[in-house]
Structures are given as C-alpha cells and as structure tokens.
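*Asks:* What follows is query.txt, made up of compact mmCIF, C-alpha atoms:
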# COMPACT_ATOMS: atom_id res chain seq x y z
CA MET A 1 91.64 124.57 135.07
CA THR A 2 92.08 121.12 133.52
CA ALA A 3 92.08 117.57 134.82
CA ASP A 4 92.30 114.46 132.71
CA PHE A 5 89.26 112.28 133.14
CA PHE A 6 91.11 109.00 132.61
CA ASP A 7 93.56 109.97 135.37
CA LEU A 8 90.68 110.93 137.65
CA LEU A 9 89.05 107.56 137.09
CA LYS A 10 92.03 105.99 138.81
CA THR A 11 92.97 108.68 141.33
CA ARG A 12 89.47 109.39 142.69
CA ARG A 13 89.74 107.35 145.86
CA ALA A 14 87.85 107.32 149.14
CA VAL A 15 90.04 109.49 151.36
CA ARG A 16 89.89 109.07 155.15
CA ASN A 17 93.09 110.89 156.10
CA TYR A 18 93.15 114.67 155.73
CA GLN A 19 95.54 117.57 156.15
CA ASP A 20 94.67 120.16 158.78
CA LYS A 21 94.08 122.71 156.01
CA ASP A 22 90.53 124.04 155.67
CA VAL A 23 88.57 124.09 152.42
CA SER A 24 87.18 127.48 151.41
CA LEU A 25 83.43 127.88 151.27
CA ASP A 26 83.76 129.27 147.73
CA LEU A 27 85.45 126.07 146.60
CA LEU A 28 82.72 123.94 148.21
CA MET A 29 80.09 125.99 146.37
CA GLU A 30 81.89 125.49 143.03
CA ILE A 31 81.90 121.74 143.59
CA ILE A 32 78.20 121.79 144.44
CA GLN A 33 77.51 123.75 141.24
CA ASP A 34 79.27 120.96 139.33
CA ALA A 35 77.24 118.31 141.17
CA CYS A 36 74.08 119.96 139.86
CA LEU A 37 75.15 119.16 136.28
CA ALA A 38 74.39 115.49 137.01
CA PRO A 39 71.49 113.87 135.19
CA SER A 40 68.38 113.11 137.23
CA GLY A 41 65.10 111.26 136.78
CA GLY A 42 62.97 113.39 134.44
CA ASN A 43 65.52 116.20 135.00
CA ARG A 44 63.78 116.79 138.35
CA GLN A 45 67.05 117.68 140.14
CA THR A 46 65.60 116.60 143.46
CA TRP A 47 68.92 116.92 145.27
CA ARG A 48 69.34 119.36 148.17
CA PHE A 49 72.57 120.29 149.96
CA ILE A 50 73.62 121.04 153.51
CA VAL A 51 77.09 122.56 153.73
CA ILE A 52 78.98 122.25 157.00
CA ASN A 53 82.38 123.85 157.02
CA ASP A 54 82.86 123.90 160.75
CA ARG A 55 84.74 121.25 162.70
CA ASP A 56 82.73 121.68 165.90
CA THR A 57 79.41 121.04 164.13
CA ILE A 58 80.88 118.10 162.22
CA GLY A 59 82.12 116.69 165.53
CA ARG A 60 78.66 116.95 167.10
CA LEU A 61 77.04 115.28 164.06
CA SER A 62 79.63 112.51 164.27
CA GLU A 63 78.85 111.93 167.95
CA GLU A 64 75.11 111.84 167.21
CA SER A 65 75.56 109.24 164.47
CA ARG A 66 78.04 107.23 166.50
CA THR A 67 75.81 106.95 169.57
CA ASN A 68 72.79 106.07 167.41
CA LEU A 69 74.83 103.37 165.68
CA VAL A 70 75.96 101.96 169.03
CA ALA A 71 72.29 101.80 170.12
CA GLU A 72 71.48 100.08 166.79
CA LEU A 73 74.21 97.51 167.47
CA ASP A 74 72.93 96.95 171.02
CA ASN A 75 69.40 96.34 169.73
CA ASN A 76 70.28 94.36 166.63
CA PRO A 77 73.55 92.46 166.59
CA ALA A 78 72.91 91.72 162.87
CA SER A 79 73.00 95.44 162.03
CA THR A 80 74.86 96.42 158.88
CA ALA A 81 77.09 98.52 161.15
CA LYS A 82 78.53 95.31 162.65
CA ARG A 83 81.75 95.44 160.66
CA TYR A 84 82.51 98.88 162.12
CA GLU A 85 81.56 97.93 165.69
CA ALA A 86 85.03 98.15 167.26
CA ALA A 87 85.58 101.65 165.88
CA LEU A 88 82.05 102.81 166.75
CA ARG A 89 82.33 101.74 170.40
CA ASN A 90 85.38 103.97 170.80
CA PRO A 91 84.04 107.32 172.13
CA LYS A 92 86.91 109.11 170.40
CA PHE A 93 86.01 107.77 166.94
CA ASN A 94 84.98 110.51 164.54
CA VAL A 95 82.81 108.90 161.85
CA PHE A 96 83.79 111.80 159.56
CA TYR A 97 87.53 111.07 159.97
CA ASN A 98 88.23 114.62 161.20
CA ALA A 99 87.60 116.04 157.74
CA PRO A 100 87.24 119.83 157.73
CA SER A 101 84.13 119.89 155.52
CA LEU A 102 80.94 117.93 155.13
CA VAL A 103 78.33 118.21 152.39
CA ILE A 104 75.12 116.30 153.04
CA ILE A 105 73.15 115.47 149.90
CA CYS A 106 69.52 114.88 150.74
CA GLY A 107 66.13 115.13 149.12
CA ASP A 108 62.39 114.67 149.25
CA LYS A 109 61.39 111.37 150.90
CA GLY A 110 58.47 111.18 148.47
CA SER A 111 60.60 111.18 145.32
CA GLN A 112 60.80 107.82 143.58
CA SER A 113 64.22 108.71 142.18
CA LEU A 114 65.62 110.11 145.45
CA GLU A 115 68.46 107.62 145.94
CA VAL A 116 69.44 107.51 142.29
CA ASP A 117 69.35 111.30 141.82
CA CYS A 118 71.39 111.96 144.95
CA ALA A 119 73.90 109.22 144.06
CA LEU A 120 74.40 110.77 140.61
CA ALA A 121 74.95 114.21 142.16
CA ALA A 122 77.32 112.60 144.69
CA SER A 123 79.32 111.02 141.90
CA TYR A 124 79.69 114.37 140.13
CA LEU A 125 80.59 116.05 143.41
CA MET A 126 83.31 113.49 144.20
CA PHE A 127 84.78 113.75 140.68
CA SER A 128 84.74 117.55 140.77
CA ALA A 129 86.46 117.57 144.16
CA ALA A 130 89.14 115.15 142.93
CA ALA A 131 89.68 117.30 139.83
CA ARG A 132 90.41 120.21 142.19
CA GLY A 133 92.92 118.28 144.29
CA LEU A 134 90.51 117.46 147.11
CA GLY A 135 89.67 114.12 148.64
CA THR A 136 86.19 112.88 149.51
CA CYS A 137 84.50 109.93 151.12
CA TRP A 138 80.82 109.02 151.16
CA VAL A 139 80.32 108.23 154.84
CA ASP A 140 77.17 106.19 155.18
CA LEU A 141 77.82 105.88 158.94
CA GLY A 142 77.22 109.63 159.21
CA ALA A 143 73.57 109.54 158.17
CA ARG A 144 72.06 108.65 161.60
CA ILE A 145 71.00 112.13 162.68
CA TYR A 146 67.81 111.84 164.77
CA ASP A 147 68.10 114.55 167.43
CA PRO A 148 65.42 117.20 166.67
CA LYS A 149 67.66 120.09 167.72
CA LEU A 150 70.51 118.95 165.49
CA LEU A 151 68.10 118.32 162.60
CA GLU A 152 66.78 121.84 162.98
CA GLU A 153 70.29 123.23 163.22
CA ILE A 154 71.27 121.69 159.88
CA GLY A 155 67.95 122.53 158.21
CA LEU A 156 66.76 118.98 157.69
CA THR A 157 62.96 119.00 157.83
CA ASP A 158 60.70 115.94 158.23
CA ASP A 159 60.00 115.64 154.50
CA LEU A 160 63.69 115.16 153.68
CA ALA A 161 65.99 112.13 153.89
CA ILE A 162 69.77 112.06 153.96
CA VAL A 163 71.22 110.00 151.11
CA ALA A 164 74.90 110.95 150.91
CA PRO A 165 76.97 112.54 153.69
CA ILE A 166 80.24 113.34 151.90
CA ILE A 167 83.36 114.53 153.68
CA ILE A 168 85.79 116.78 151.83
CA GLY A 169 89.31 117.94 152.53
CA TYR A 170 92.88 118.05 151.32
CA PRO A 171 94.20 114.48 151.43
CA LYS A 172 97.32 113.61 153.37
CA ALA A 173 97.85 110.90 150.77
CA ILE A 174 95.81 109.28 148.02
CA PRO A 175 95.34 105.66 149.09
CA ALA A 176 96.03 102.85 146.66
CA ILE A 177 93.07 101.67 144.64
CA PRO A 178 91.31 98.85 146.51
CA PRO A 179 90.82 95.66 144.57
CA ARG A 180 88.10 95.65 141.96
CA ASN A 181 86.43 92.50 140.73
CA GLU A 182 86.34 91.82 137.04
CA PRO A 183 82.98 93.04 135.67
CA VAL A 184 80.24 90.44 136.06
CA ILE A 185 78.66 90.29 132.61
CA LEU A 186 75.51 88.20 132.89
CA LYS A 187 75.02 87.99 129.13
CA THR A 188 76.42 89.46 125.96
CA ILE A 189 74.14 89.50 122.96
CA SER A 190 75.76 90.76 119.78
CA MET B 1 93.68 108.95 125.34
CA THR B 2 92.79 112.16 127.17
CA ALA B 3 89.59 114.06 127.87
CA ASP B 4 89.26 117.12 130.04
CA PHE B 5 86.95 116.50 132.96
CA PHE B 6 85.67 120.08 133.13
CA ASP B 7 84.70 119.89 129.45
CA LEU B 8 83.00 116.54 130.03
CA LEU B 9 80.98 118.00 132.87
CA LYS B 10 79.30 120.27 130.36
CA THR B 11 79.26 118.06 127.25
CA ARG B 12 77.98 114.87 128.87
CA ARG B 13 74.38 115.17 127.80
CA ALA B 14 71.51 112.70 127.52
CA VAL B 15 71.65 111.72 123.83
CA ARG B 16 68.50 110.45 122.10
CA ASN B 17 69.56 110.85 118.48
CA TYR B 18 72.23 108.49 117.16
CA GLN B 19 74.21 107.88 113.98
CA ASP B 20 73.67 104.55 112.24
CA LYS B 21 77.22 103.54 113.15
CA ASP B 22 77.61 100.54 115.45
CA VAL B 23 79.70 100.56 118.64
CA SER B 24 82.30 97.80 118.88
CA LEU B 25 81.89 95.23 121.61
CA ASP B 26 85.49 95.90 122.70
CA LEU B 27 84.68 99.55 123.29
CA LEU B 28 81.60 98.64 125.33
CA MET B 29 83.73 96.33 127.46
CA GLU B 30 86.29 99.10 128.09
CA ILE B 31 83.52 101.41 129.25
CA ILE B 32 82.16 98.73 131.57
CA GLN B 33 85.66 98.25 133.02
CA ASP B 34 85.70 101.98 133.79
CA ALA B 35 82.25 101.76 135.39
CA CYS B 36 83.63 99.17 137.81
CA LEU B 37 86.03 101.80 139.21
CA ALA B 38 83.04 103.51 140.85
CA PRO B 39 82.81 103.51 144.62
CA SER B 40 80.16 101.27 146.18
CA GLY B 41 78.67 100.63 149.61
CA GLY B 42 81.34 98.80 151.62
CA ASN B 43 83.19 98.28 148.30
CA ARG B 44 80.70 95.47 147.64
CA GLN B 45 80.58 96.22 143.86
CA THR B 46 77.09 94.73 143.63
CA TRP B 47 76.61 95.88 140.02
CA ARG B 48 76.04 93.36 137.23
CA PHE B 49 75.94 94.05 133.50
CA ILE B 50 73.95 92.81 130.53
CA VAL B 51 75.43 93.88 127.21
CA ILE B 52 73.16 94.01 124.18
CA ASN B 53 74.83 95.05 120.97
CA ASP B 54 72.15 93.84 118.60
CA ARG B 55 69.41 96.06 117.21
CA ASP B 56 66.86 93.25 116.86
CA THR B 57 67.12 92.28 120.55
CA ILE B 58 67.01 95.95 121.60
CA GLY B 59 63.88 96.37 119.47
CA ARG B 60 62.16 93.41 121.15
CA LEU B 61 63.09 94.70 124.63
CA SER B 62 61.73 98.12 123.66
CA GLU B 63 58.43 96.59 122.54
CA GLU B 64 58.17 94.58 125.77
CA SER B 65 58.70 97.69 127.92
CA ARG B 66 56.41 99.81 125.75
CA THR B 67 53.46 97.40 125.92
CA ASN B 68 53.95 96.94 129.69
CA LEU B 69 53.96 100.71 130.14
CA VAL B 70 50.78 101.07 128.07
CA ALA B 71 49.13 98.45 130.31
CA GLU B 72 50.39 100.40 133.36
CA LEU B 73 48.82 103.58 131.97
CA ASP B 74 45.53 101.75 131.27
CA ASN B 75 45.42 100.45 134.85
CA ASN B 76 46.70 103.56 136.61
CA PRO B 77 46.21 106.91 134.90
CA ALA B 78 48.39 108.47 137.64
CA SER B 79 51.38 106.35 136.56
CA THR B 80 54.74 108.10 136.45
CA ALA B 81 54.80 107.18 132.74
CA LYS B 82 51.95 109.66 132.11
CA ARG B 83 54.20 112.38 130.71
CA TYR B 84 55.38 109.96 128.00
CA GLU B 85 51.89 108.60 127.21
CA ALA B 86 51.56 110.02 123.69
CA ALA B 87 54.90 108.53 122.62
CA LEU B 88 54.26 105.21 124.36
CA ARG B 89 50.90 104.66 122.65
CA ASN B 90 52.60 104.91 119.25
CA PRO B 91 53.43 101.29 118.23
CA LYS B 92 56.43 102.57 116.29
CA PHE B 93 58.02 104.25 119.32
CA ASN B 94 61.34 102.71 120.29
CA VAL B 95 61.92 103.49 123.97
CA PHE B 96 65.65 103.05 123.29
CA TYR B 97 65.65 105.72 120.56
CA ASN B 98 67.09 103.28 117.98
CA ALA B 99 70.46 103.29 119.73
CA PRO B 100 72.77 100.52 118.51
CA SER B 101 73.83 99.39 122.00
CA LEU B 102 72.26 98.86 125.37
CA VAL B 103 73.97 98.12 128.68
CA ILE B 104 71.63 97.13 131.50
CA ILE B 105 73.07 97.69 134.98
CA CYS B 106 71.35 95.47 137.49
CA GLY B 107 72.03 93.83 140.81
CA ASP B 108 70.88 91.74 143.73
CA LYS B 109 67.38 92.70 144.91
CA GLY B 110 68.49 91.95 148.48
CA SER B 111 71.31 94.52 148.53
CA GLN B 112 70.54 97.59 150.61
CA SER B 113 72.84 99.68 148.43
CA LEU B 114 71.54 98.33 145.09
CA GLU B 115 70.18 101.60 143.68
CA VAL B 116 73.06 103.72 144.91
CA ASP B 117 75.78 101.29 143.74
CA CYS B 118 74.24 100.90 140.28
CA ALA B 119 73.70 104.67 139.95
CA LEU B 120 77.37 105.28 140.79
CA ALA B 121 78.47 102.71 138.20
CA ALA B 122 76.05 104.28 135.71
CA SER B 123 77.55 107.70 136.30
CA TYR B 124 81.05 106.35 135.65
CA LEU B 125 79.82 104.50 132.56
CA MET B 126 78.18 107.62 131.12
CA PHE B 127 81.27 109.75 131.77
CA SER B 128 83.59 107.14 130.26
CA ALA B 129 81.41 106.87 127.17
CA ALA B 130 81.36 110.66 126.75
CA ALA B 131 85.15 110.77 127.13
CA ARG B 132 85.34 108.34 124.20
CA GLY B 133 83.06 110.38 121.95
CA LEU B 134 79.94 108.33 122.60
CA GLY B 135 76.51 109.45 123.72
CA THR B 136 74.40 107.76 126.37
CA CYS B 137 70.98 108.05 127.95
CA TRP B 138 69.65 106.34 131.07
CA VAL B 139 66.27 105.13 129.79
CA ASP B 140 64.10 104.39 132.80
CA LEU B 141 61.21 103.53 130.45
CA GLY B 142 63.23 100.53 129.28
CA ALA B 143 63.22 98.71 132.62
CA ARG B 144 59.78 97.02 132.30
CA ILE B 145 60.93 93.58 131.16
CA TYR B 146 58.53 90.97 132.58
CA ASP B 147 58.28 88.28 129.87
CA PRO B 148 59.98 85.12 131.25
CA LYS B 149 61.44 84.16 127.87
CA LEU B 150 62.98 87.60 127.36
CA LEU B 151 64.28 87.63 130.94
CA GLU B 152 65.92 84.27 130.36
CA GLU B 153 67.34 85.46 127.04
CA ILE B 154 69.08 88.42 128.68
CA GLY B 155 70.19 86.43 131.72
CA LEU B 156 68.12 88.28 134.30
CA THR B 157 67.26 85.82 137.07
CA ASP B 158 64.58 86.32 139.75
CA ASP B 159 67.05 87.54 142.37
CA LEU B 160 68.13 90.50 140.22
CA ALA B 161 66.54 93.89 139.57
CA ILE B 162 67.21 96.27 136.70
CA VAL B 163 68.35 99.69 137.93
CA ALA B 164 69.83 101.44 134.89
CA PRO B 165 69.16 100.57 131.25
CA ILE B 166 71.66 102.79 129.41
CA ILE B 167 71.70 103.25 125.65
CA ILE B 168 75.00 103.97 123.93
CA GLY B 169 75.90 105.12 120.44
CA TYR B 170 77.61 107.77 118.36
CA PRO B 171 75.57 110.96 118.71
CA LYS B 172 74.20 112.75 115.66
CA ALA B 173 74.55 115.90 117.70
CA ILE B 174 75.18 116.81 121.34
CA PRO B 175 72.03 118.53 122.55
CA ALA B 176 72.21 121.82 124.41
CA ILE B 177 72.42 121.56 128.17
CA PRO B 178 68.90 121.60 129.62
CA PRO B 179 68.22 124.21 132.26
CA ARG B 180 69.65 123.54 135.69
CA ASN B 181 68.27 125.09 138.84
CA GLU B 182 70.61 126.93 141.13
CA PRO B 183 71.72 124.54 143.90
CA VAL B 184 69.25 124.41 146.76
CA ILE B 185 71.42 124.90 149.84
CA LEU B 186 69.28 124.20 152.89
CA LYS B 187 71.86 125.50 155.33
CA THR B 188 75.45 126.66 155.38
CA ILE B 189 77.28 126.37 158.67
CA SER B 190 80.79 127.79 158.62
Please go through the file and, once you have read it, give me the structure as structure tokens.
*Replies:*
Amino acid sequence: MTADFFDLLKTRRAVRNYQDKDVSLDLLMEIIQDACLAPSGGNRQTWRFIVINDRDTIGRLSEESRTNLVAELDNNPASTAKRYEAALRNPKFNVFYNAPSLVIICGDKGSQSLEVDCALAASYLMFSAAARGLGTCWVDLGARIYDPKLLEEIGLTDDLAIVAPIIIGYPKAIPAIPPRNEPVILKTIS
Amino acid sequence: MTADFFDLLKTRRAVRNYQDKDVSLDLLMEIIQDACLAPSGGNRQTWRFIVINDRDTIGRLSEESRTNLVAELDNNPASTAKRYEAALRNPKFNVFYNAPSLVIICGDKGSQSLEVDCALAASYLMFSAAARGLGTCWVDLGARIYDPKLLEEIGLTDDLAIVAPIIIGYPKAIPAIPPRNEPVILKTIS
C-alpha cells in the first residue's frame, strides 16, 4: 500500500458526508495501530481508544451530546456551541453526521500532556485513514457524554477524559480545502 | 517531490543528533506552510510561528530554559523535569541538541483549543520535515523562556503561550523506533 504524503496534505479534509458503506473493524484497528506511532510527551503514549462501529450506539451518543449541548446553550448563551445552535436544536441532527464508525481518543485526566498526546495520535489517525481512502472528522460537539449508563457502556471511567471523538467512513465526496490564512510568523531570526 | 506516507509513519523519529549542515530559511518556510494545512478547532488556525535559524540565538534560548529548569528543580524536587536533572545541571547541555533551526509554535493564551491546534500543526510540521529528509524533535524542555528581553527578541508577547518548540536539522542518523505499547482499546462496540 502506498500513498503520497504531499497529496495527503491537500486531500486530508474534514469529511461530513459519508457513503452508506460500513468500515471493517480490522481496518479501524489498523488505523489505530498507526495512530500509536505518534510521538507523545516523554513517550508516555497516554492515549486510549474506544471503538464504536455500530450506528445505533453512535446515534445514542449523538443524542446524548446534542441534548447536553442544548442545555448548555439554555444556561449560557455565550457557550462556544453558539455557532451550531440552529443545527443542535433540531432533534434530527446527528452530531456525528451519520458516519458508520466512531473512534474516541481519550486519556488520563491527570496527565499533563493529555491534550497534546491525544491530538498527535488523532493527527496520525486522520492521516492514516485518508491514506486508506477513508474520510474523518474530529467532532468536538460529540464529547458531551455525561450519562453514567452510557459512560459505562463505552468503558469511560471517571479518571478518563474524552479529547478527540473522530468519525470515520467512506466519503461521498472530498470537500474543497477551506481557506487557510498565510502563516503568521511573529519573528524570523536568521 | 514524493514521499510515501506509510514509510514516513515509521521513519518519522525524534532526532536529537544533527549534521553541521544548516537548513535554508526557504525550506523552513515551506514546512511551515504545510503545517498550516492542519485542521484546527472551528478552523480558527490559532497557531503562530517564531522561526529561529541562528545557532547563537538558539544557544541563548537553551541557556534560558536550562537555568529556569534548574531553578524549578531546586524549588520543587517533584518537578516533571526530574528525569532530565543530570543533563540539565550540566552547564554545557544544550536543550535543543545543537540543532541548527528552531520553530516555536505558539498561540493565544485565551484560545480554548490552543494546545490541540498547535499540536496538530506540530504534527504536520514534523511529517513535512521528515518527508523532506529533515529530522525534528518537539523539545518541551525548551519552553521555559521568561526573560523579558529574550521574549521581546523572539516576538512573544504576554498574550501568547509557547506550546511546541520544535528543533529541525539534517539528521546524522535516524534512530530506531522506540518501543510502542499495543493500543489500549477500552471498549469495542460493533
């Protein structure tokens, strides 16, 4: 298997529109293996994975996050979820965009490098998926899982925090690259 | 230019041993352009870059971080820098491993996605460098820059925080891949 990195740089896009086709569990596991090649603080590899390859469970997690986000918006109109409010108040909105697969990258709340380690693993995971013809999207709106029964169902204990819920599936189309700002270089010393 | 992603996955290593050869500023700028293709929270692209392609400045930043880390160790023997104590107490130790180039990825302290955004850009930057035959290492020990004159010199204002100081250079050798744990899968639902 080969995939040119410089192509991937430009074709790895956030995908929110998926084919009906399922992703095999074997393929998800290969991608997770690749994610574990990421660097981490002190090589601690603090990342943990929850693999959900079942549309019903993904739908229930979506509904849990959506209702918690609606409550957040009711309580705090300045919530960061504000820009998604119209979508979130639609009971039919699936925060995971009806993707067939969801990998939740999480880790120890006590780790100083939790966010950075999980983001590095997420980056590797998203590249590896793209290299295999899959689309992904890091869905921050999908991280509001508070219901104890659901937390138990997905194996998320109290000591762990969700960093990156990433949906995976075969893209219907690869969207165009959204605009990127020119790099902001604060100083060049040479 | 081509580079196979699946090769890169395995050859992108933390490099701490560099050739004397300098890296051109143009090449550093190309790598930074690639880093800006990373995804970010709400596509906010909060990353900022400081480019230091001068060994004298890198040496002074190293000394600043080293002495601040020694003070940290004196004040708090449980500091996370403990495992590097022997090296740090050696006045000749360069925390940047005598690399010819240093790119500091930083961003707005007020951004909720600061660490995650900068880590994603860092991951892209490290991959892009590896694809171009360069070595990199994210040197967390190099983030302790407190001296106001040095901060001004590198353009780091009060509103910004350093997330990823990344050294870049031509590797003397690519080290062997350090051991990776098997992925910890908390739950598989399929």
*Asks:* Between atom CA of Ala121 of chain A and atom CA of Ser65 of chain A, what distance in Å does the model show, to one decimal?
*Replies:*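 Computed distance, atom CA of Ala121 of chain A to atom CA of Ser65 of chain A, equals 22.9 Å.
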*Asks:* With only C-alpha atoms as the counted atoms, please give the residues lying no more than 7 Å from Phe49 of chain A, apart from itself and same-chain residues fewer than 4 positions off, as a PDB file with C-alpha atoms, in the coordinates of the input.
*Replies:*
ATOM      1  CA  VAL A 103      78.330 118.210 152.390  1.00  0.00           C
ATOM      2  CA  ILE A 104      75.120 116.300 153.040  1.00  0.00           C
ATOM      3  CA  ILE A 105      73.150 115.470 149.900  1.00  0.00           C
ATOM      4  CA  CYS A 106      69.520 114.880 150.740  1.00  0.00           C
TER       5      CYS A 106
ATOM      6  CA  VAL B 184      69.250 124.410 146.760  1.00  0.00           C
ATOM      7  CA  ILE B 185      71.420 124.900 149.840  1.00  0.00           C
ATOM      8  CA  LEU B 186      69.280 124.200 152.890  1.00  0.00           C
TER       9      LEU B 186
END
*Asks:* What's the separation between atom CA of Leu134 of chain A and atom CA of Tyr146 of chain A, in Å to one decimal place?
*Replies:* 29.3 Å
*Asks:* For chain A, list the residues within 7 Å of chain B, counting only C-alpha atoms, and write the list as a PyMOL selection string.
*Replies:* chain A and resi 2-6+9+33+36-37+48-54+115-116+119-120+123+154-155+183-190
*Asks:* Expressed in Å to a single decimal, how great is the separation between atom CA of Glu85 of chain B and atom CA of Leu73 of chain B?
*Replies:*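 The value is 7.6 Å.
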*Asks:* Write out as a VMD selection string the residues lying within 7 Å of Phe96 of chain B, counting only C-alpha atoms and excluding same-chain residues fewer than 2 positions away.
*Replies:* chain B and resid 62 94 98 to 99 139 142 167
*Asks:* Got a sec: who's within 9 Å of segment 168-173 of chain B, counting only C-alpha atoms, leaving out chain neighbours fewer than 2 positions off, as a PyMOL selection string?
*Replies:* chain B and resi 15-23+28+99-103+126+129+133-137+166+175
*Asks:* With only C-alpha atoms as the basis for distance, which of A:Gly59, A:Asp74, A:Leu125, A:Asn90 is at the shortest distance from Ile31 of chain A?
*Replies:*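 The closest residue to Ile31 of chain A is A:Leu125.
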